[in-house]
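Notes follow once the structure below has been shown.
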Amino acid sequence: MKPLLELKDLRVRFRSRSSLSALINGDRDPFVDAVNSVSLQIGEGETYGLVGESGSGKTTLARSIIGLVKPQEGSIRYDGTEIIGMPSSQMKKFRGIVGTMFQDPVGSLSPRMTIRSLLAEPFKIHGMTGRDLGQEVNRLLEMVGLNRDFGSRHPHQLSGGQARRVGVARALALNPKLIIADEPTAGLDVSVQGEILNLLDKLQAELGISILVITHNLNVVRHITDRMGIMYFGRIVEQGPTSTMFDQPSHPYTLALLSANPEPDPDAVIDRLELQGEVPSLLNRPPGCEFHPRCPFVEDNCKSTFPEITQLSDDHSYRCHHPRHVE
Amino acid sequence: MSDTTTRLDTTQLPGNWQNFRRALKRVLREPLGALGLTLVVFVLVSAIGADWFSSHEPNKIDIKSKLQPPSAEHILGTDQLGRDIYSRVLVGGQIALKVSLVSIGIALVIGLSLGLIAGFGPRWLDNSLMLLFDSVRSFPTVMFALAVVTLFGPSLNTVMIVVIVTQIPIYGRMVRSQTLALRDAEFILAERALGAGFFRIIGMHMLPNVIGPLLILASMDIPFVITIEAGLSFLGMGVRPPTPSWGTILNDGYSYIYNTPWPVIAGGIPVILTTLGFTFLGESLRDVFDPKLRKEI
Amino acid sequence: MATENVLEISKLNVGFATERGMLKALRDVDLSIPVGSIVGVVGESGCGKSTMINAIIGLLAHNARVSSGSIVFEGSDLLQKSERELRDIRGTRISMVFQDPMVSLNPVLSIGTQMIDIQYRDAISKAQKRARSIEMLNRVGIPDPESRLNNYPHQFSGGMRQRIAIAMALQAEPALLIADEPTTALDATLEVQIIHRLRDLQHSMGCSILFISHHLGVIAELCDYVVVMYGGEVVERGTVRDIFHRPAHPYTCKLLECDPARIVETTRSLPTIPGEIPDLANLPRGCIFADRCDRKIDICSEVAPSTSELAGHHWTRCHLAAAEPTA
């Protein structure tokens with residue numbers, strides 16, 4: 001099955017602040033790789049969870065897909081067409097086909113506009129003014145379970161959950177085949193998180209959309225994604241079917257993430273893999289496996305040899321010299 | 001009452017009509033704000049209705065009645081040519097407001113546009129515009145005014161040109177820094193992700209969020225411009241006689257101040273009242289629109 | 001019953017005067033923190049936890065009205081104290097840590113300067129203050145603190161900054177540390193580290209902690225007692241085991257149900273609590289949770305329930321609990 005979205009060896013670099021000191025030091029690279037050699041595929045109707053902590057590069061990755069950030073190497077193909085280097089008129093069209101939801105539910109809505117105008121924006125931007133915009137807006141509001149009189153409100157008058165729904169409605173306005181959702185449950189109370197996720201799920205079932213969910217919340221990923229990829233330091237260290245990865249994680253970082261979630265049970269005995277230290281600075285890439293300074297299972301070859309991708313099965317792969325759970 | 005218009009009314013204060021009314025109420029609650037608003041309204045009404053409220057022809061000379069103190073016939077007395085000061089002051093108000101509103105208005109529109117483009121556009125454009133602004137700003141205002149007057153001769157238009165050119169960089173810089181701050185705001189990214197283009201973003205999303213403080217700043221510049229005009233006219237570099245600007249009234253009155261103080265008083269008080277009015281109102285508006293001072297649970 | 005309480009809030013009623021009327025943010029709130037214990041406050045947006053904290057440290061907004069109640073700290077009522085007396089207490093006897101460490105840290109001063117500055121009340125030499133700061137930074141897990149004293153906050157990662165904020169808060173060895181969502185913005189692996197640090201510090205210093213969070217897992221792992229708040233009221237209170245193993249109030253039960261970490265079976269349809277919190281300026285008759293409760297009976301919409309003691313430290317505000325006395 002041809003994938004809807006395909007990323008191959010994607011690399012996104014940023015100029016680091018110390019370009020001057022790089023000059024002084026002579027051999028230092030003035031760039032940092034926020035996203036390094038990332039490959040992934042999302043099929044039609046599939047939900048893919050990209051999991052990573054701060055600094056992992058996941059947000060940069062999402063932004064490069066919709067062209068807000070320009071990758072230096074690699075390819076991004078949507079339905080077979082290459083996105084990188086697209087002329088701006090085509091890019092504009094592409095942005096009409098891919099729906100995006102941003103992290104801050106209220107902050108991603110233009111503060112001085114009413115909800116009605118915000119939802120009409122996508123149509124106006126893409127020149128679809130022939131339609132009855134009022135009707136379209138009502139249709140969208142209904143789709144996400146919001147009352148029609150929300151249309152005349154302003155973003156700051158909405159609760160986090162309501163604003164999030166508006167974000168979903170806006171992403172869906174032009175019937176996209178792919179939605180990129182950046183931290184869809186961030187800032188939402190636990191009782192409301194389920195609402196948004198259920199909504200996304202329902203819409204996906206009805207409309208057959210693919211969803212790329214970017215999050216650091218593994219609990220969410222477990223429930224709504226088909227496949228997931230774990231990002232660390234700009235690379236995907238393990239990816240595969242969600243259920244498989246939860247049952248048999250291979251990469252130590254995956255293990256650590258899975259065990260890091262405190263259970264809501266004071267008597268829970270957690271076989272916790274506690275990582276020491278923090279994510280190193282992008283300016284100081286550790287040699288060999290980039291995770292080795294924090295890995296509880298580190299061995300000698302980890303410090304010198306960079307681990308290539310090992311294909312465990314058709315769709316499960318990882319980068320590790322000494323994976324866990326591989327019988 | 002939903003808002004589906006895409007065209008923006010740039011003279012609209014932040015928020016919609018409800019917010020405006022609420023803001024107005026808050027302004028009136030503060031004593032200085034209420035005073036400022038009253039003075040401004042008073043000045044505006046008397047200027048607009050100058051022709052109706054005048055008792056005499058402002059330029060009508062009547063030497064027999066020169067330098068008279070206030071009386072029933074001449075409410076504020078007469079000047080050295082027997083002209084009715086009261087009527088001259090009213091018409092002078094018209095001129096003052098015309099000069100200030102028009103020149104500030106033009107400076108505002110140009111400054112806003114350039115500021116938005118500088119803030120959101122490419123780096124090189126930003127750098128060029130900032131260089132331009134800083135060059136203009138570093139030129140001492142008075143010298144610039146003198147230069148323009150020498151080139152184009154003293155007139156109302158001269159005054160306006162000076163004001164416009166000196167105010168554009170100030171407004172432009174302010175708008176630019178606000179735009180820069182908004183550039184990475186999430187809702188701007190969201191609009192870009194939707195496919196919105198450069199002009200749509202600056203016009204529909206940057207502008208409304210940036211214009212509020214600018215309008216308040218501009219409104220507080222109105223008295224400043226009025227005093228510039230009065231000053232230049234007083235020095236003989238602005239409006240030509242017999243046009244009754246407040247500055248010329250002051251100028252004329254100054255020569256005869258030992259005969260009678262009334263012309264100077266009559267010419268000076270409107271300037272004071274207008275300045276105070278706009279300043280109080282502007283400061284009150286600024287406080288009202290400062291989100292930090294607003295307590296809403 | 002606990003022997004001594006470092007903080008005891010009794011029948012606290014706080015309202016805010018707004019254009020729409022008096023917003024009753026806290027109603028009849030009782031909360032006690034025994035000496036040397038960690039009390040967790042769980043609640044979602046609008047439950048009043050921020051208002052409660054502000055009431056404790058005396059930083060309520062100017063339109064707040066405390067209509068009744070007392071907050072007794074170390075024997076005296078904080079609500080009766082003058083601003084100067086409160087200032088003496090803040091930072092010495094009661095310290096705070098916020099969600100955003102940059103609320104506590106001055107971005108233009110080095111952390112060494114800041115940590116030495118806050119010891120201004122102590123009559124010891126600068127060298128001694130410096131030594132104390134280094135020791136404190138060590139205790140919160142900052143590697144190589146002596147060399148980092150001259151660094152500025154932006155040179156540290158988010159997790160490090162939070163540790164520094166905690167170090168600053170605990171420097172004066174307060175009797176009570178109030179932590180308002182300190183780990184909410186951090187990744188799971190970091191959260192775990194910081195929670196453990198806090199627990200260790202609390203044991204060695206013997207202070208009490210009031211820990212606010214909506215992350216149930218963290219509450220379960222860290223706290224001794226838990227208080228559940230909803231819409232301005234305390235709806236349930238008990239030991240951590242009482243709350244997580246024997247939840248009595250329907251809201252608590254629902255909250256636990258909704259936490260995705262608790263849901264054992266993977267599901268694409270997550271439970272939620274439909275509806276929203278009522279308008280606090282127009283309180284409904286009867287129980288505050290009635291219109292969202294799935295177990296309500298007739299009396300719930302008519303009469304507000306009073307507290308029912310269930311066992312020892314465990315009590316709740318619910319008609320159902322009053323009706324059935326538990327063993």
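Chains: A, B, ... in order of the structure tokens. Residues: from 1 per chain. Ligands: from 1, in order shown.
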Could you list, as an MDAnalysis selection string, the residues of chain C having an atom within 9 Å of chain B when counting only C-alpha atoms?
chainID C and resid 16:19 23 61:63
Export, as an mmCIF file, in the first residue's frame, the selected residues with C-alpha atoms.
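And here's part.cif as it stands now:
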```cif
data_model
loop_
_atom_site.group_PDB
_atom_site.id
_atom_site.type_symbol
_atom_site.label_atom_id
_atom_site.label_comp_id
_atom_site.auth_asym_id
_atom_site.auth_seq_id
_atom_site.Cartn_x
_atom_site.Cartn_y
_atom_site.Cartn_z
ATOM 1 C CA PHE C 16 -14.086 37.927 43.550
ATOM 2 C CA ALA C 17 -16.046 41.067 42.777
ATOM 3 C CA THR C 18 -16.564 41.105 39.034
ATOM 4 C CA GLU C 19 -18.855 42.848 36.613
ATOM 5 C CA LEU C 23 -17.639 34.997 41.832
ATOM 6 C CA ALA C 61 -6.123 40.031 43.477
ATOM 7 C CA HIS C 62 -7.421 43.411 44.526
ATOM 8 C CA ASN C 63 -11.016 42.478 43.863
#
```
Got a sec to pull out which chain A residues are within 6 Å of chain B, counting only C-alpha atoms, and send them as a list of chain:residue names?
A:Lys92, A:Arg95, A:Gly107, A:Ser108, A:Leu109, A:Ser110, A:Ser117, A:Ile125, A:Ser152
May I ask you to extract the residues of chain C within 7 Å of chain A, using only C-alpha atoms, and to give them as a PyMOL selection string?
chain C and resi 44-45+187-189+192+216-218+220-221+240-241+244+255+258-262+266-273
The distance between CA of Ile71 (chain C) and CA of Val14 (chain C) is 12.0 Å
DSSP helix (DSSP H, G or I) residues within region 105-291 of chain A, listed as a ChimeraX atom specification:
/A:115-125,133-143,148-152,155-157,160-172,190-207,218-224,242-247,252-260
Output C-alpha atoms for every residue in that selection, as a PDB file, in the first residue's frame.
```
ATOM      1  CA  ILE A 115     -14.724  31.837  15.832  1.00  0.00           C
ATOM      2  CA  ARG A 116     -16.876  32.213  12.764  1.00  0.00           C
ATOM      3  CA  SER A 117     -14.218  34.210  10.922  1.00  0.00           C
ATOM      4  CA  LEU A 118     -11.520  31.844  12.076  1.00  0.00           C
ATOM      5  CA  LEU A 119     -13.355  28.888  10.638  1.00  0.00           C
ATOM      6  CA  ALA A 120     -14.069  30.758   7.442  1.00  0.00           C
ATOM      7  CA  GLU A 121     -10.369  31.592   7.017  1.00  0.00           C
ATOM      8  CA  PRO A 122      -9.346  28.368   5.237  1.00  0.00           C
ATOM      9  CA  PHE A 123     -12.041  28.874   2.626  1.00  0.00           C
ATOM     10  CA  LYS A 124     -11.162  32.486   2.059  1.00  0.00           C
ATOM     11  CA  ILE A 125      -7.453  31.814   1.856  1.00  0.00           C
ATOM     12  CA  LEU A 133     -19.500  30.236   4.246  1.00  0.00           C
ATOM     13  CA  GLY A 134     -22.074  30.567   6.966  1.00  0.00           C
ATOM     14  CA  GLN A 135     -23.295  27.100   6.240  1.00  0.00           C
ATOM     15  CA  GLU A 136     -19.805  25.658   6.109  1.00  0.00           C
ATOM     16  CA  VAL A 137     -18.956  27.185   9.468  1.00  0.00           C
ATOM     17  CA  ASN A 138     -22.076  25.738  11.027  1.00  0.00           C
ATOM     18  CA  ARG A 139     -21.308  22.366   9.562  1.00  0.00           C
ATOM     19  CA  LEU A 140     -17.820  22.454  11.076  1.00  0.00           C
ATOM     20  CA  LEU A 141     -19.063  23.544  14.480  1.00  0.00           C
ATOM     21  CA  GLU A 142     -21.565  20.728  14.474  1.00  0.00           C
ATOM     22  CA  MET A 143     -18.924  18.246  13.463  1.00  0.00           C
ATOM     23  CA  ARG A 148     -23.749  27.460  16.808  1.00  0.00           C
ATOM     24  CA  ASP A 149     -23.526  30.477  19.092  1.00  0.00           C
ATOM     25  CA  PHE A 150     -19.868  29.717  19.658  1.00  0.00           C
ATOM     26  CA  GLY A 151     -19.428  31.346  16.295  1.00  0.00           C
ATOM     27  CA  SER A 152     -19.675  34.843  17.655  1.00  0.00           C
ATOM     28  CA  PRO A 155     -10.827  32.789  21.461  1.00  0.00           C
ATOM     29  CA  HIS A 156     -10.132  34.101  24.944  1.00  0.00           C
ATOM     30  CA  GLN A 157     -13.739  33.439  25.878  1.00  0.00           C
ATOM     31  CA  GLY A 160      -9.165  24.938  26.662  1.00  0.00           C
ATOM     32  CA  GLY A 161     -11.343  22.091  25.505  1.00  0.00           C
ATOM     33  CA  GLN A 162     -13.610  24.296  23.433  1.00  0.00           C
ATOM     34  CA  ALA A 163     -10.674  26.065  21.814  1.00  0.00           C
ATOM     35  CA  ARG A 164      -9.160  22.703  21.040  1.00  0.00           C
ATOM     36  CA  ARG A 165     -12.337  21.670  19.264  1.00  0.00           C
ATOM     37  CA  VAL A 166     -12.241  24.824  17.187  1.00  0.00           C
ATOM     38  CA  GLY A 167      -8.703  23.865  16.243  1.00  0.00           C
ATOM     39  CA  VAL A 168      -9.935  20.475  15.122  1.00  0.00           C
ATOM     40  CA  ALA A 169     -12.761  22.062  13.150  1.00  0.00           C
ATOM     41  CA  ARG A 170     -10.366  24.429  11.442  1.00  0.00           C
ATOM     42  CA  ALA A 171      -8.012  21.607  10.560  1.00  0.00           C
ATOM     43  CA  LEU A 172     -10.891  19.735   8.991  1.00  0.00           C
ATOM     44  CA  VAL A 190      -7.896  14.848  32.182  1.00  0.00           C
ATOM     45  CA  SER A 191     -11.672  14.742  31.992  1.00  0.00           C
ATOM     46  CA  VAL A 192     -11.589  16.694  28.753  1.00  0.00           C
ATOM     47  CA  GLN A 193      -8.664  14.947  27.105  1.00  0.00           C
ATOM     48  CA  GLY A 194     -10.817  11.958  26.366  1.00  0.00           C
ATOM     49  CA  GLU A 195     -13.322  14.154  24.548  1.00  0.00           C
ATOM     50  CA  ILE A 196     -10.795  15.443  22.074  1.00  0.00           C
ATOM     51  CA  LEU A 197      -9.249  12.071  21.468  1.00  0.00           C
ATOM     52  CA  ASN A 198     -12.613  10.444  21.022  1.00  0.00           C
ATOM     53  CA  LEU A 199     -13.529  13.192  18.593  1.00  0.00           C
ATOM     54  CA  LEU A 200     -10.400  12.683  16.527  1.00  0.00           C
ATOM     55  CA  ASP A 201     -11.035   8.992  16.550  1.00  0.00           C
ATOM     56  CA  LYS A 202     -14.622   9.344  15.443  1.00  0.00           C
ATOM     57  CA  LEU A 203     -13.710  11.709  12.653  1.00  0.00           C
ATOM     58  CA  GLN A 204     -10.999   9.422  11.499  1.00  0.00           C
ATOM     59  CA  ALA A 205     -13.379   6.496  11.348  1.00  0.00           C
ATOM     60  CA  GLU A 206     -15.977   8.543   9.468  1.00  0.00           C
ATOM     61  CA  LEU A 207     -13.680  10.398   7.113  1.00  0.00           C
ATOM     62  CA  LEU A 218       2.629   7.951  26.130  1.00  0.00           C
ATOM     63  CA  ASN A 219      -0.715   7.265  27.700  1.00  0.00           C
ATOM     64  CA  VAL A 220      -2.439   9.056  24.882  1.00  0.00           C
ATOM     65  CA  VAL A 221      -0.385   7.302  22.263  1.00  0.00           C
ATOM     66  CA  ARG A 222      -1.231   3.917  23.634  1.00  0.00           C
ATOM     67  CA  HIS A 223      -4.910   4.447  23.154  1.00  0.00           C
ATOM     68  CA  ILE A 224      -5.245   6.088  19.836  1.00  0.00           C
ATOM     69  CA  THR A 242       2.026   0.621  19.014  1.00  0.00           C
ATOM     70  CA  SER A 243       0.888  -2.514  20.740  1.00  0.00           C
ATOM     71  CA  THR A 244       4.094  -4.348  19.889  1.00  0.00           C
ATOM     72  CA  MET A 245       6.212  -1.532  21.174  1.00  0.00           C
ATOM     73  CA  PHE A 246       4.330  -1.337  24.423  1.00  0.00           C
ATOM     74  CA  ASP A 247       4.616  -5.067  24.971  1.00  0.00           C
ATOM     75  CA  PRO A 252      16.396   1.353  26.264  1.00  0.00           C
ATOM     76  CA  TYR A 253      14.990   4.848  25.838  1.00  0.00           C
ATOM     77  CA  THR A 254      11.616   3.404  24.907  1.00  0.00           C
ATOM     78  CA  LEU A 255      11.776   1.312  28.025  1.00  0.00           C
ATOM     79  CA  ALA A 256      12.655   4.318  30.122  1.00  0.00           C
ATOM     80  CA  LEU A 257       9.800   6.361  28.678  1.00  0.00           C
ATOM     81  CA  LEU A 258       7.318   3.618  29.222  1.00  0.00           C
ATOM     82  CA  SER A 259       8.340   3.134  32.798  1.00  0.00           C
ATOM     83  CA  ALA A 260       8.603   6.824  33.567  1.00  0.00           C
TER      84      ALA A 260
END
```
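With only C-alpha atoms as the basis for measurement, B:Val43 is the residue among B:Val43, B:Leu67, B:Ile265, B:Leu114 that approaches Leu90 (chain B) most closely.
Pairwise distance (CA of Arg65 (chain C), CA of Leu26 (chain C)) equals 10.4 Å.
Counting only C-alpha atoms, the residue from C:Ile94, C:Ala248, C:Cys287, C:Leu137 that sits nearest to Pro174 (chain C) is C:Ile94.
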Using only C-alpha atoms, which residues sit within 9 Å of Leu283 (chain A) once same-chain residues fewer than 2 positions away are excluded, as a short mmCIF file (atom, residue, chain, number, x, y, z; two decimals) with C-alpha atoms, in the first residue's frame?
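See around-v8.cif below for the written result:
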```cif
data_model
loop_
_atom_site.label_atom_id
_atom_site.label_comp_id
_atom_site.auth_asym_id
_atom_site.auth_seq_id
_atom_site.Cartn_x
_atom_site.Cartn_y
_atom_site.Cartn_z
CA SER A 16 23.61 27.72 16.33
CA ASP A 29 30.29 23.01 12.76
CA PRO A 30 28.20 26.16 13.22
CA PHE A 31 25.02 24.21 12.60
CA VAL A 32 23.03 21.90 14.78
CA ASP A 33 20.87 19.07 13.51
CA PRO A 280 22.81 16.79 26.00
CA SER A 281 23.08 19.99 24.07
CA ARG A 285 26.76 15.30 20.00
#
```
Contacts of Ser55 (chain B) at 9 Å or less, counting only C-alpha atoms, minus same-chain residues fewer than 3 places along, as number ranges by chain?
B: 51-52, 58, 73-75, 84, 86-87
Selection file, N, CA and C atoms, as a short mmCIF file (atom, residue, chain, number, x, y, z; two decimals), in the first residue's frame:
```cif
data_model
loop_
_atom_site.label_atom_id
_atom_site.label_comp_id
_atom_site.auth_asym_id
_atom_site.auth_seq_id
_atom_site.Cartn_x
_atom_site.Cartn_y
_atom_site.Cartn_z
N ASP B 51 -18.13 77.63 12.42
CA ASP B 51 -18.89 78.59 11.62
C ASP B 51 -20.21 78.95 12.27
N TRP B 52 -20.84 77.98 12.93
CA TRP B 52 -22.13 78.30 13.55
C TRP B 52 -21.97 79.08 14.85
N PRO B 58 -14.24 86.15 11.29
CA PRO B 58 -12.95 86.13 11.99
C PRO B 58 -11.93 87.14 11.43
N GLU B 73 -20.51 92.08 23.28
CA GLU B 73 -20.45 91.89 21.85
C GLU B 73 -19.27 91.02 21.43
N HIS B 74 -18.14 91.28 22.07
CA HIS B 74 -16.97 90.44 21.76
C HIS B 74 -16.62 89.64 23.01
N ILE B 75 -16.99 88.36 23.00
CA ILE B 75 -16.88 87.54 24.22
C ILE B 75 -15.46 87.49 24.76
N ASP B 84 -12.66 90.04 16.09
CA ASP B 84 -13.22 89.33 17.24
C ASP B 84 -12.37 88.10 17.57
N TYR B 86 -12.79 85.75 19.84
CA TYR B 86 -13.55 84.52 20.06
C TYR B 86 -13.74 83.76 18.74
N SER B 87 -14.19 84.47 17.71
CA SER B 87 -14.40 83.79 16.43
C SER B 87 -13.09 83.29 15.86
#
```
